[in-house]
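Here the structure is laid out as structure tokens; the discussion comes afterwards.
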Amino acid sequence: MRVRRGAPYLALAVLLLAPVTAPAQNFGLGFNAEDNGKPINIEAEQGIEWQQANRVYIARGHAKATRGQATVFADTLMAYYRPAAKEGDGKSTAPTGKNAPAKTGDAKASDPVGGNSTEIYRLEAIGNVRIATETQTVYGDNAVYDVDKALLVVTGKRLRLETPRDTVTARDSLEWYDNKQLAVARGDAVAVREGKQLRGDVMTAEVTKGQNESSHISRIDTQGNVLVSSQD
């Protein structure tokens with residue numbers, strides 16, 4: 001284990017952990033096709049801890065992770081990595097459990113500083129979470145991004161998604177499915193646009209992006225205790 005401290009900000013260019021092999025993504029975390037191959041840069045005021053046995057980096061104190069046009073802010077960020085799949089086999093050689101330790105004698109193989117090809121497969125954000133892109137910002141207390149599933153789940157109090165036109169809130173969770181381009185708000189979900197309000201138990205929002213357009217919510221389906229109202 002190695003702990004790095006003593007500087008106002010410590011940055012780690014996680015290009016050393018590249019490639020991130022998730023499908024193209026263009027809303028949620030904002031990792032779009034143009035961002036593929038770009039490094040994930042992690043900064044933290046209190047330092048970055050590297051736990052080799054668990055294959056995880058832990059950034060503490062006003063931590064942030066940036067890739068392309070998307071930034072994740074939190075009190076603590078945890079980036080789990082594994083050996084990348086060998087070309088042609090389509091499979092990773094690492095265990096899939098988030099806390100799966102390296103095999104005995106395998107520390108060097110899992111050491112990104114050693115130059116071996118690795119990939120981030122899970123990013124966790126804890127405390128005062130904010131996920132910002134050019135077109136939307138998500139707020140919550142905790143967030144987990146599963147790279148293999150291309151799934152972001154944000155939980156906590158005062159959950160909120162803001163875009164230039166819409167505001168969506170929820171009690172239980174906000175979820176983003178990259179492959180389906182769907183956002184799901186669970187638990188007393190509320191969407192507000194131009195003074196009009198839609199409320200329900202579960203709300204599913206479809207996101208579209210036309211040529212030379214920003215991503216935007218094009219359709220919202222609501223289930224359970226549906227209520228439509230106007231603030232006028």
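Residue numbering restarts at 1 in every chain; chains get A, B, ... in the order shown in the structure tokens, and ligands count up from 1 in that same order.
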
For stretch 141-148 of chain A, work out the shell of residues within 6 Å, counting only C-alpha atoms and skipping chain neighbours fewer than 2 positions away, then give it as a list in words. Ala22, Tyr121, Arg122, Leu123, Glu124, Ala125, Ile126, Gly127, Asn128, Val129, Ala150, Leu151, Leu152, Val153, Val154, Thr155 and Gly156 of chain A

If you keep N, CA, C and O atoms, can you produce a file of those selected residues as an mmCIF file, in the first residue's frame?
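Saved to selection.cif:
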```
data_model
loop_
_atom_site.group_PDB
_atom_site.id
_atom_site.type_symbol
_atom_site.label_atom_id
_atom_site.label_comp_id
_atom_site.auth_asym_id
_atom_site.auth_seq_id
_atom_site.Cartn_x
_atom_site.Cartn_y
_atom_site.Cartn_z
ATOM 1 N N ALA A 22 -15.806 0.549 -21.728
ATOM 2 C CA ALA A 22 -17.271 0.584 -21.757
ATOM 3 C C ALA A 22 -17.758 1.027 -23.124
ATOM 4 O O ALA A 22 -17.041 1.668 -23.876
ATOM 5 N N TYR A 121 -13.085 -0.427 -13.699
ATOM 6 C CA TYR A 121 -14.381 -1.058 -13.944
ATOM 7 C C TYR A 121 -15.449 -0.574 -12.979
ATOM 8 O O TYR A 121 -16.628 -0.888 -13.159
ATOM 9 N N ARG A 122 -15.091 0.206 -11.959
ATOM 10 C CA ARG A 122 -16.071 0.691 -10.999
ATOM 11 C C ARG A 122 -15.554 1.969 -10.369
ATOM 12 O O ARG A 122 -14.392 2.051 -9.958
ATOM 13 N N LEU A 123 -16.401 2.982 -10.305
ATOM 14 C CA LEU A 123 -16.065 4.239 -9.650
ATOM 15 C C LEU A 123 -17.139 4.544 -8.609
ATOM 16 O O LEU A 123 -18.326 4.561 -8.935
ATOM 17 N N GLU A 124 -16.720 4.748 -7.360
ATOM 18 C CA GLU A 124 -17.650 5.067 -6.284
ATOM 19 C C GLU A 124 -17.370 6.482 -5.775
ATOM 20 O O GLU A 124 -16.216 6.859 -5.571
ATOM 21 N N ALA A 125 -18.427 7.244 -5.559
ATOM 22 C CA ALA A 125 -18.322 8.599 -5.015
ATOM 23 C C ALA A 125 -19.139 8.645 -3.730
ATOM 24 O O ALA A 125 -20.289 8.218 -3.700
ATOM 25 N N ILE A 126 -18.531 9.182 -2.670
ATOM 26 C CA ILE A 126 -19.160 9.169 -1.350
ATOM 27 C C ILE A 126 -19.142 10.573 -0.760
ATOM 28 O O ILE A 126 -18.078 11.185 -0.628
ATOM 29 N N GLY A 127 -20.309 11.084 -0.402
ATOM 30 C CA GLY A 127 -20.413 12.360 0.293
ATOM 31 C C GLY A 127 -20.419 13.567 -0.620
ATOM 32 O O GLY A 127 -19.485 13.787 -1.378
ATOM 33 N N ASN A 128 -21.502 14.362 -0.549
ATOM 34 C CA ASN A 128 -21.608 15.610 -1.331
ATOM 35 C C ASN A 128 -21.297 15.389 -2.806
ATOM 36 O O ASN A 128 -20.478 16.089 -3.397
ATOM 37 N N VAL A 129 -21.979 14.431 -3.394
ATOM 38 C CA VAL A 129 -21.697 14.056 -4.775
ATOM 39 C C VAL A 129 -22.317 15.048 -5.752
ATOM 40 O O VAL A 129 -23.461 15.466 -5.601
ATOM 41 N N ALA A 150 -22.471 -0.156 -17.742
ATOM 42 C CA ALA A 150 -22.738 1.211 -18.189
ATOM 43 C C ALA A 150 -23.900 1.795 -17.395
ATOM 44 O O ALA A 150 -24.825 2.383 -17.958
ATOM 45 N N LEU A 151 -23.849 1.630 -16.070
ATOM 46 C CA LEU A 151 -24.950 2.013 -15.194
ATOM 47 C C LEU A 151 -24.459 2.916 -14.070
ATOM 48 O O LEU A 151 -23.515 2.580 -13.348
ATOM 49 N N LEU A 152 -25.094 4.066 -13.929
ATOM 50 C CA LEU A 152 -24.830 4.997 -12.848
ATOM 51 C C LEU A 152 -26.026 5.008 -11.905
ATOM 52 O O LEU A 152 -27.159 5.158 -12.344
ATOM 53 N N VAL A 153 -25.794 4.840 -10.598
ATOM 54 C CA VAL A 153 -26.848 4.907 -9.590
ATOM 55 C C VAL A 153 -26.444 5.926 -8.536
ATOM 56 O O VAL A 153 -25.391 5.798 -7.914
ATOM 57 N N VAL A 154 -27.292 6.934 -8.348
ATOM 58 C CA VAL A 154 -27.035 7.985 -7.357
ATOM 59 C C VAL A 154 -28.106 7.873 -6.279
ATOM 60 O O VAL A 154 -29.305 7.781 -6.587
ATOM 61 N N THR A 155 -27.687 7.894 -5.014
ATOM 62 C CA THR A 155 -28.624 7.772 -3.899
ATOM 63 C C THR A 155 -28.335 8.852 -2.860
ATOM 64 O O THR A 155 -27.323 9.541 -2.929
ATOM 65 N N GLY A 156 -29.249 8.963 -1.880
ATOM 66 C CA GLY A 156 -29.062 9.925 -0.801
ATOM 67 C C GLY A 156 -30.231 10.879 -0.685
ATOM 68 O O GLY A 156 -31.281 10.698 -1.310
#
```

Take atom CA of A:Thr76 and atom CA of A:Ala44 and report the distance between them in Å, one decimal. 8.3 Å

Return the single residue from A:Ser230, A:Ala63, A:Thr118, A:Val72 that is closest to A:Arg193, with distances computed using only C-alpha atoms.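 For A:Arg193, the nearest of the given residues is A:Ser230.
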
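Neighbouring residues of stretch 65-67 of chain A at 6 Å or closer, counting only C-alpha atoms and skipping chain neighbours under 4 positions away, are Ile40, Asn41, Ile42, Thr71 and Val72 of chain A.
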
Pull all heavy atoms from the residues just selected and write them as an mmCIF file, in the first residue's frame.
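This is the output file out-v8.cif:
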```cif
data_model
loop_
_atom_site.group_PDB
_atom_site.id
_atom_site.type_symbol
_atom_site.label_atom_id
_atom_site.label_comp_id
_atom_site.auth_asym_id
_atom_site.auth_seq_id
_atom_site.Cartn_x
_atom_site.Cartn_y
_atom_site.Cartn_z
ATOM 1 N N ILE A 40 -8.487 9.592 -17.222
ATOM 2 C CA ILE A 40 -9.312 10.052 -16.113
ATOM 3 C C ILE A 40 -8.356 10.664 -15.103
ATOM 4 O O ILE A 40 -7.461 9.996 -14.610
ATOM 5 C CB ILE A 40 -10.097 8.898 -15.469
ATOM 6 C CG1 ILE A 40 -11.043 8.262 -16.490
ATOM 7 C CG2 ILE A 40 -10.890 9.398 -14.271
ATOM 8 C CD1 ILE A 40 -11.748 7.028 -15.969
ATOM 9 N N ASN A 41 -8.520 11.929 -14.821
ATOM 10 C CA ASN A 41 -7.636 12.623 -13.893
ATOM 11 C C ASN A 41 -8.314 12.736 -12.530
ATOM 12 O O ASN A 41 -9.445 13.215 -12.436
ATOM 13 C CB ASN A 41 -7.302 14.022 -14.415
ATOM 14 C CG ASN A 41 -6.166 14.654 -13.638
ATOM 15 O OD1 ASN A 41 -5.020 14.230 -13.733
ATOM 16 N ND2 ASN A 41 -6.482 15.668 -12.852
ATOM 17 N N ILE A 42 -7.638 12.276 -11.483
ATOM 18 C CA ILE A 42 -8.196 12.298 -10.136
ATOM 19 C C ILE A 42 -7.379 13.224 -9.251
ATOM 20 O O ILE A 42 -6.149 13.143 -9.233
ATOM 21 C CB ILE A 42 -8.216 10.881 -9.520
ATOM 22 C CG1 ILE A 42 -9.104 9.961 -10.356
ATOM 23 C CG2 ILE A 42 -8.727 10.922 -8.091
ATOM 24 C CD1 ILE A 42 -9.154 8.537 -9.861
ATOM 25 N N THR A 71 -17.161 15.729 -15.001
ATOM 26 C CA THR A 71 -16.424 15.755 -13.733
ATOM 27 C C THR A 71 -17.317 15.225 -12.624
ATOM 28 O O THR A 71 -18.480 15.602 -12.513
ATOM 29 C CB THR A 71 -15.965 17.178 -13.378
ATOM 30 O OG1 THR A 71 -15.148 17.693 -14.433
ATOM 31 C CG2 THR A 71 -15.136 17.170 -12.093
ATOM 32 N N VAL A 72 -16.749 14.348 -11.801
ATOM 33 C CA VAL A 72 -17.424 13.828 -10.624
ATOM 34 C C VAL A 72 -16.757 14.422 -9.391
ATOM 35 O O VAL A 72 -15.548 14.276 -9.207
ATOM 36 C CB VAL A 72 -17.358 12.293 -10.567
ATOM 37 C CG1 VAL A 72 -18.084 11.772 -9.328
ATOM 38 C CG2 VAL A 72 -17.947 11.675 -11.830
#
```

Quick one: of A:Val207, A:Val192, A:Ile58, A:Leu159, who's nearest to A:Tyr177, counting only C-alpha atoms?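 For A:Tyr177, the nearest of the given residues is A:Val207.
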
Smallest atom-to-atom distance to A:Leu227: which of A:Lys196, A:Lys209, A:Arg55, A:Arg60, using only C-alpha atoms?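 The closest residue to A:Leu227 is A:Lys196.
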